[in-house]
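*Asks:* Please find one structure pasted underneath; my questions will follow.
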Amino acid sequence: MALITVTDLVLGYDSQIILSDLNFKIDQGDYLCIVGENGSGKTTLMKTLLNLKDPLGGRIVTGDGLRRNEIGYLPQQTAIQKDFPASVWEIVLSGCQSRCGLRPFYGKEERKLAEENMERMEIKELAGRCYADLSGGQQQRVLLARALCATRKVLLLDEPVAGLDPMVTSQMYDLIAKLNKEGITIIMISHDISAALRYADHILHIGDKVFFGTKDEYLHSEPGRFFIEQQKGENKDDR
Amino acid sequence: MIDKLVLYFQYPFVRYAVIVGVLIALCSSLLGVTLVLKRFSFIGDGLSHVAFGAMSVAAVLSLTNEMILILPVTVVSAVLLLRSGQHTRIKGDAAIAMISVGALAFGYLLMNLFSTSSNLSGDVCSTLFGSTSILTLTKNEVILCVVLSIAVVLIFVLLYNKIFAVTFDEDFAKATGIRADRYNLIIAVIIAVIIVLAMNLVGSLLISALVIFPALSAMRLFKNFKYVTVFSAILSVICALMGILISILSGTPVGSTIVAVDVLAFFICYVAGRVKGGVIG
Ligand SMILES: Nc1ncnc2c1ncn2[C@@H]1O[C@H](COP(=O)(O)OP(=O)(O)OP(=O)(O)O)[C@@H](O)[C@H]1O
Ligand SMILES: [Mg+2]
């Protein structure tokens with residue numbers, strides 16, 4: 001059975017439908033990239049997968065013993081305020097909260113987990129620093145470490161490299177690829193189609209035309225060819 | 001001066017006032033950090049005005065125990081207000097402003113129309129700016145206050161980690177299975193209880209100061225949630241203690257004196273934060 005199976009999903013707000021008849025399937029260890037234009041509903045899809053909002057129709061079924069609260073999440077452009085007084089350690093540790101259930105305090109196990117994940121993200125020396133004072137790349141690593149505390153199985157990443165410089169961006173992609181090799185299923189929203197094609201094994205394209213399949217299938221599909229051409233054009237304009 | 005204080009402390013009502021004052025200051029500072037960070041600095045104001053409105057209704061109905069009406073009404077308003085912050089079209093601050101001004105006007109109107117008291121403006125003034133009621137507490141009121149305060153502190157400590165998670169990133173908390181709505185509800189109820197308690201001390205108008213000043217002061221100095229929380233609690237207690245003592249010695253109004261000390265403490269912390277660059281811990 002697949003890790004997450006989505007059938008006939010309808011996305012939207014209130015009664016306004018953004019996207020309908022969405023079908024796809026994610027297996028353990030997959031690296032899925034979700035691409036599409038601005039406003040096509042990528043973040044909405046992710047929030048629906050995370051149970052943050054209800055779908056207007058259709059079903060999301062989790063299998064392989066995955067519980068709905070075992071999903072790690074890296075939000076898009078966090079709304080966390082600039083002046084929030086919180087240390088890196090406090091934030092990473094807060095990722096363990098879901099393990100605690102009704103237990104009020106963190107135990108040894110949670111502390112160890114937080115420490116391990118900070119090591120994994122190479123942010124151990126930042127532990128005492130204030131989150132708001134970190135660079136964008138460092139902040140993303142902190143949030144990734146927190147997400148890893150919440151899950152051993154699936155990570156949902158909403159534009160993890162937005163606003164990062166090329167160097168840090170490629171480090172971030174490598175980090176995510178490494179996690180995927182360690183067996184964590186990755187579901188990532190990205191605007192960067194070339195990175196998506198480099199790292200992912202499956203592509204979900206949403207928009208006027210919906211496509212779901214492996215990377216190779218995408219390269220030969222109509223929306224894939226169109227989207228890739230378009231992005232190349234945009235990149236040329238940038239230069 | 002010390003002699004004078006020792007003399008005063010022989011009176012039970014002075015001891016009561018100090019105990020209640022310190023406890024209320026402690027409780028109100030605890031959630032201050034969360035409220036400031038959730039952009040709900042004014043919730044104290046709004047809720048205390050609601051409590052004022054409820055109090056007027058209670059007075060008009062000449063209920064013997066006003067709390068029966070005031071507490072539930074304030075709790076319900078707190079729940080509605082905190083909820084409005086997230087989903088509805090009216091933003092949190094606008095909703096608070098509406099409810100606050102509405103309840104204030106409504107309460108004053110009722111008092112004006114139906115009041116039997118001969119000194120109406122005096123009554124209103126003392127409800128708004130804190131009456132002398134902190135000096136006229138009965139033993140039962142003190143016990144009630146102690147019990148409620150202990151409950152608030154206990155709940156806060158037990159939920160501290162969850163409150164942090166929900167305040168820092170509500171979406172993430174929800175996505176990982178934390179019942180954020182439930183904790184928001186608890187936060188709202190605690191706030192309402194604190195507000196109703198604090199009205200005795202500083203009055204409706206000054207409650208916000210009691211809630212937000214210690215938090216803002218602590219945030220000048222520390223950049224770690226735990227330190228900010230602990231420091232603001234300590235600071236709030238010290239300020240309340242000093243304010244009460246000063247007001248006893250010099251006969252100034254209790255509520256305004258405490259708030260004045262809080263303001264002073266804020267400026268000291270601000271300057272200290274500037275000097276240190278604000279990075280400790
Ligand atoms: N809270 C909301 N209420 C109503 N409509 C919304 C809400 N959030 C988003 N939308 C609408 O839903 C559509 C999809 O938004 P979404 O954020 O999912 O797009 P996206 O694909 O993530 O875009 P981007 O690439 O810019 O992040 C947009 O048209 C947006 O206007
Ligand atoms: Mg988005």
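By order in the structure tokens, chains are A, B, ...; within a chain, residues start at 1; ligands start at 1, following the order shown.
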If you count only C-alpha atoms and all ligand atoms, which residues end up within 7 Å of ligand 1, as a ChimeraX atom specification?

*Replies:* /A:12-13,18,36-45

*Asks:* Store the residues picked out above in a file with N, CA, C and O atoms, as an mmCIF file, in the first residue's frame.

*Replies:*
```cif
data_model
loop_
_atom_site.group_PDB
_atom_site.id
_atom_site.type_symbol
_atom_site.label_atom_id
_atom_site.label_comp_id
_atom_site.auth_asym_id
_atom_site.auth_seq_id
_atom_site.Cartn_x
_atom_site.Cartn_y
_atom_site.Cartn_z
ATOM 1 N N GLY A 12 -9.870 24.031 -2.392
ATOM 2 C CA GLY A 12 -10.427 25.359 -2.504
ATOM 3 C C GLY A 12 -10.700 25.957 -1.152
ATOM 4 O O GLY A 12 -10.433 25.343 -0.119
ATOM 5 N N TYR A 13 -11.201 27.184 -1.206
ATOM 6 C CA TYR A 13 -11.566 27.873 0.016
ATOM 7 C C TYR A 13 -13.054 28.143 -0.010
ATOM 8 O O TYR A 13 -13.578 28.607 -1.028
ATOM 9 N N ILE A 18 -10.441 25.661 -6.392
ATOM 10 C CA ILE A 18 -9.203 26.026 -7.065
ATOM 11 C C ILE A 18 -8.780 24.918 -8.020
ATOM 12 O O ILE A 18 -8.304 25.155 -9.113
ATOM 13 N N GLY A 36 4.107 24.294 -10.483
ATOM 14 C CA GLY A 36 2.920 24.967 -11.021
ATOM 15 C C GLY A 36 3.081 26.464 -10.854
ATOM 16 O O GLY A 36 3.956 26.933 -10.127
ATOM 17 N N GLU A 37 2.245 27.196 -11.555
ATOM 18 C CA GLU A 37 2.329 28.651 -11.515
ATOM 19 C C GLU A 37 1.993 29.192 -10.125
ATOM 20 O O GLU A 37 1.395 28.489 -9.317
ATOM 21 N N ASN A 38 2.309 30.459 -9.911
ATOM 22 C CA ASN A 38 1.880 31.128 -8.672
ATOM 23 C C ASN A 38 0.368 31.090 -8.580
ATOM 24 O O ASN A 38 -0.325 31.351 -9.554
ATOM 25 N N GLY A 39 -0.127 30.754 -7.421
ATOM 26 C CA GLY A 39 -1.571 30.768 -7.225
ATOM 27 C C GLY A 39 -2.293 29.560 -7.766
ATOM 28 O O GLY A 39 -3.522 29.525 -7.787
ATOM 29 N N SER A 40 -1.538 28.535 -8.209
ATOM 30 C CA SER A 40 -2.223 27.369 -8.767
ATOM 31 C C SER A 40 -2.745 26.441 -7.675
ATOM 32 O O SER A 40 -3.495 25.526 -7.949
ATOM 33 N N GLY A 41 -2.341 26.687 -6.442
ATOM 34 C CA GLY A 41 -2.906 25.893 -5.346
ATOM 35 C C GLY A 41 -1.933 24.936 -4.694
ATOM 36 O O GLY A 41 -2.346 24.017 -3.986
ATOM 37 N N LYS A 42 -0.629 25.167 -4.890
ATOM 38 C CA LYS A 42 0.368 24.248 -4.328
ATOM 39 C C LYS A 42 0.347 24.285 -2.801
ATOM 40 O O LYS A 42 0.284 23.239 -2.153
ATOM 41 N N THR A 43 0.378 25.504 -2.256
ATOM 42 C CA THR A 43 0.371 25.619 -0.797
ATOM 43 C C THR A 43 -0.940 25.081 -0.224
ATOM 44 O O THR A 43 -0.954 24.412 0.812
ATOM 45 N N THR A 44 -2.024 25.358 -0.938
ATOM 46 C CA THR A 44 -3.321 24.846 -0.492
ATOM 47 C C THR A 44 -3.323 23.325 -0.441
ATOM 48 O O THR A 44 -3.817 22.732 0.519
ATOM 49 N N LEU A 45 -2.733 22.711 -1.469
ATOM 50 C CA LEU A 45 -2.644 21.243 -1.497
ATOM 51 C C LEU A 45 -1.859 20.741 -0.288
ATOM 52 O O LEU A 45 -2.263 19.795 0.386
#
```

*Asks:* Please provide the set of residues having any atom within 7 Å of segment 129-139 of chain A, restricted to only C-alpha atoms, with same-chain residues fewer than 3 positions apart removed, written as an MDAnalysis selection string.

*Replies:* (chainID A and resid 82:88 126 142:143 164 168) or (chainID B and resid 223:224)

*Asks:* With N, CA, C and O atoms retained, could you export that selection as a PDB file, in the first residue's frame?

*Replies:*
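The resulting again.pdb:
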```
ATOM      1  N   LYS A  82       9.445  38.930  13.390  1.00  0.00           N
ATOM      2  CA  LYS A  82      10.854  39.295  13.503  1.00  0.00           C
ATOM      3  C   LYS A  82      11.318  39.359  14.962  1.00  0.00           C
ATOM      4  O   LYS A  82      12.453  39.042  15.267  1.00  0.00           O
ATOM      5  N   ASP A  83      10.443  39.767  15.853  1.00  0.00           N
ATOM      6  CA  ASP A  83      10.903  40.018  17.223  1.00  0.00           C
ATOM      7  C   ASP A  83      10.594  38.865  18.171  1.00  0.00           C
ATOM      8  O   ASP A  83      10.584  39.038  19.366  1.00  0.00           O
ATOM      9  N   PHE A  84      10.337  37.680  17.625  1.00  0.00           N
ATOM     10  CA  PHE A  84      10.001  36.568  18.506  1.00  0.00           C
ATOM     11  C   PHE A  84      11.247  36.107  19.273  1.00  0.00           C
ATOM     12  O   PHE A  84      12.227  35.703  18.674  1.00  0.00           O
ATOM     13  N   PRO A  85      11.200  36.196  20.597  1.00  0.00           N
ATOM     14  CA  PRO A  85      12.376  35.796  21.357  1.00  0.00           C
ATOM     15  C   PRO A  85      12.408  34.292  21.559  1.00  0.00           C
ATOM     16  O   PRO A  85      11.793  33.777  22.481  1.00  0.00           O
ATOM     17  N   ALA A  86      13.095  33.585  20.694  1.00  0.00           N
ATOM     18  CA  ALA A  86      13.179  32.138  20.866  1.00  0.00           C
ATOM     19  C   ALA A  86      14.554  31.685  20.405  1.00  0.00           C
ATOM     20  O   ALA A  86      15.048  32.132  19.375  1.00  0.00           O
ATOM     21  N   SER A  87      15.185  30.812  21.177  1.00  0.00           N
ATOM     22  CA  SER A  87      16.496  30.313  20.788  1.00  0.00           C
ATOM     23  C   SER A  87      16.321  29.141  19.832  1.00  0.00           C
ATOM     24  O   SER A  87      15.262  28.515  19.766  1.00  0.00           O
ATOM     25  N   VAL A  88      17.377  28.865  19.078  1.00  0.00           N
ATOM     26  CA  VAL A  88      17.350  27.763  18.118  1.00  0.00           C
ATOM     27  C   VAL A  88      17.002  26.458  18.831  1.00  0.00           C
ATOM     28  O   VAL A  88      16.190  25.663  18.346  1.00  0.00           O
ATOM     29  N   LEU A 126      24.767  26.761  16.756  1.00  0.00           N
ATOM     30  CA  LEU A 126      23.815  27.881  16.816  1.00  0.00           C
ATOM     31  C   LEU A 126      22.826  27.729  17.967  1.00  0.00           C
ATOM     32  O   LEU A 126      22.002  28.612  18.197  1.00  0.00           O
ATOM     33  N   VAL A 142      17.222  25.451  10.685  1.00  0.00           N
ATOM     34  CA  VAL A 142      16.614  25.279  12.012  1.00  0.00           C
ATOM     35  C   VAL A 142      15.217  24.672  11.858  1.00  0.00           C
ATOM     36  O   VAL A 142      14.855  23.709  12.546  1.00  0.00           O
ATOM     37  N   LEU A 143      14.446  25.214  10.929  1.00  0.00           N
ATOM     38  CA  LEU A 143      13.083  24.715  10.748  1.00  0.00           C
ATOM     39  C   LEU A 143      13.087  23.289  10.201  1.00  0.00           C
ATOM     40  O   LEU A 143      12.210  22.483  10.517  1.00  0.00           O
ATOM     41  N   LEU A 164      16.935  32.264  -0.926  1.00  0.00           N
ATOM     42  CA  LEU A 164      18.314  31.904  -0.581  1.00  0.00           C
ATOM     43  C   LEU A 164      19.232  32.144  -1.777  1.00  0.00           C
ATOM     44  O   LEU A 164      18.809  32.034  -2.919  1.00  0.00           O
ATOM     45  N   VAL A 168      23.824  28.710  -1.144  1.00  0.00           N
ATOM     46  CA  VAL A 168      23.065  28.117  -0.038  1.00  0.00           C
ATOM     47  C   VAL A 168      21.935  27.255  -0.588  1.00  0.00           C
ATOM     48  O   VAL A 168      21.594  26.219  -0.021  1.00  0.00           O
TER      49      VAL A 168
ATOM     50  N   LYS B 223      16.554  37.058  24.444  1.00  0.00           N
ATOM     51  CA  LYS B 223      16.039  36.562  23.167  1.00  0.00           C
ATOM     52  C   LYS B 223      15.833  35.066  23.242  1.00  0.00           C
ATOM     53  O   LYS B 223      16.199  34.324  22.349  1.00  0.00           O
ATOM     54  N   ASN B 224      15.278  34.654  24.326  1.00  0.00           N
ATOM     55  CA  ASN B 224      15.059  33.240  24.580  1.00  0.00           C
ATOM     56  C   ASN B 224      13.737  33.180  25.317  1.00  0.00           C
ATOM     57  O   ASN B 224      13.518  33.911  26.282  1.00  0.00           O
TER      58      ASN B 224
END
```

*Asks:* Leaving out segment 69-78 of chain B and any residue of its chain fewer than 6 positions from it, which residues lie within 7 Å of it when counting only C-alpha atoms, given as a PyMOL selection string?

*Replies:* chain B and resi 47+50-51+54-55+58+188-189+192-193+196

*Asks:* Could you write those residues out with N, CA and C atoms, as a tab-separated table (two decimals), in the first residue's frame?

*Replies:*
```tsv
chain	number	residue	atom	x	y	z
B	47	LEU	N	-11.09	43.01	27.07
B	47	LEU	CA	-11.80	42.13	27.99
B	47	LEU	C	-12.20	42.86	29.26
B	50	VAL	N	-15.26	44.63	28.62
B	50	VAL	CA	-16.38	43.69	28.62
B	50	VAL	C	-16.79	43.40	30.06
B	51	ALA	N	-15.77	43.16	30.90
B	51	ALA	CA	-16.05	42.89	32.30
B	51	ALA	C	-16.75	44.08	32.94
B	54	ALA	N	-20.30	43.95	31.89
B	54	ALA	CA	-20.99	42.90	32.63
B	54	ALA	C	-21.26	43.35	34.06
B	55	MET	N	-20.29	44.06	34.60
B	55	MET	CA	-20.44	44.53	35.98
B	55	MET	C	-21.62	45.51	36.08
B	58	ALA	N	-24.72	43.58	36.02
B	58	ALA	CA	-24.90	42.94	37.33
B	58	ALA	C	-25.41	43.95	38.36
B	188	ALA	N	-7.26	31.54	26.31
B	188	ALA	CA	-8.33	32.56	26.41
B	188	ALA	C	-8.99	32.53	27.78
B	189	VAL	N	-9.27	31.33	28.26
B	189	VAL	CA	-9.94	31.24	29.56
B	189	VAL	C	-9.04	31.79	30.67
B	192	ALA	N	-9.03	35.51	30.63
B	192	ALA	CA	-10.27	36.09	31.17
B	192	ALA	C	-10.25	36.06	32.69
B	193	VAL	N	-9.81	34.94	33.26
B	193	VAL	CA	-9.75	34.85	34.72
B	193	VAL	C	-8.79	35.91	35.28
B	196	VAL	N	-10.32	39.44	35.15
B	196	VAL	CA	-11.33	39.69	36.18
B	196	VAL	C	-10.65	39.89	37.54
```

*Asks:* Give as a ChimeraX atom specification every residue of chain A that touches chain B within 10 Å, counting only C-alpha atoms.

*Replies:* /A:47-53,67-75,78-91,93-106,127-133,143,146-147,150-151

*Asks:* Excluding Pro160 of chain A and residues on its chain fewer than 6 positions from it, collect all residues at most 8 Å away from it, counting only C-alpha atoms, and give them as a ChimeraX atom specification.

*Replies:* /A:74-76,140,172,188-190

*Asks:* Go ahead and compute the interatomic distance for atom CA of Leu245 of chain B and atom CA of Leu31 of chain B, in Å to one decimal.

*Replies:* 24.9 Å

*Asks:* For Leu32 of chain A, please output as a PyMOL selection string all residues within 8 Å (counting only C-alpha atoms; exclusion window: fewer than 4 positions along the same chain).

*Replies:* chain A and resi 26+186-188+200-204

*Asks:* From the set A:Gly224, A:Leu155, A:Ile34, A:Phe24, which residue has the shortest atom-to-atom contact distance to ligand 2, counting only C-alpha atoms and all ligand atoms?

*Replies:*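 Of A:Gly224, A:Leu155, A:Ile34, A:Phe24, the one nearest ligand 2 is A:Ile34, counting only C-alpha atoms and all ligand atoms.
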
*Asks:* If you run DSSP over the backbone, which residues in segment 28-227 of chain A end up helix (DSSP H, G or I)? Put them as a PyMOL selection string.

*Replies:* chain A and resi 42-49+88-94+97-100+108-120+124-126+131-133+136-150+166-181+193-199+215-220+222-227

*Asks:* Could you check how far atom CA of Lys232 of chain A sits from atom CA of Ser194 of chain A, in Å to one decimal?

*Replies:* 9.3 Å

*Asks:* When distances are computed from only C-alpha atoms and all ligand atoms, which of A:Leu19, A:Met118, A:Leu66, A:Ala162 shows the smallest separation from ligand 2?

*Replies:* A:Ala162

*Asks:* Between A:Asp158, A:Leu11, A:Glu110, A:Gly213, single out the one closest to ligand 2, counting only C-alpha atoms and all ligand atoms.

*Replies:* A:Asp158

*Asks:* How many Å lie between atom CA of Val211 of chain B and atom CA of Gly44 of chain B, rounded to one decimal?

*Replies:*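 Between these atoms lies a distance of 6.9 Å.
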
*Asks:* Write out as a VMD selection string the set of residues from segment 12-167 of chain A that DSSP, computed on the backbone, places in strand (DSSP E).

*Replies:* chain A and resid 12 to 13 16 to 26 31 to 35 57 to 62 71 to 74 154 to 158

*Asks:* So, with only C-alpha atoms and all ligand atoms as the atoms that count, which of A:Met46, A:Leu3, A:Leu144, A:Met121 lies closest to ligand 2?

*Replies:*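 Closest candidate: A:Met46.
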
*Asks:* With distances taken over only C-alpha atoms and all ligand atoms, which residue among A:Lys112, A:Asp21, A:Glu159, A:Gly65 lies nearest ligand 2?

*Replies:* A:Glu159
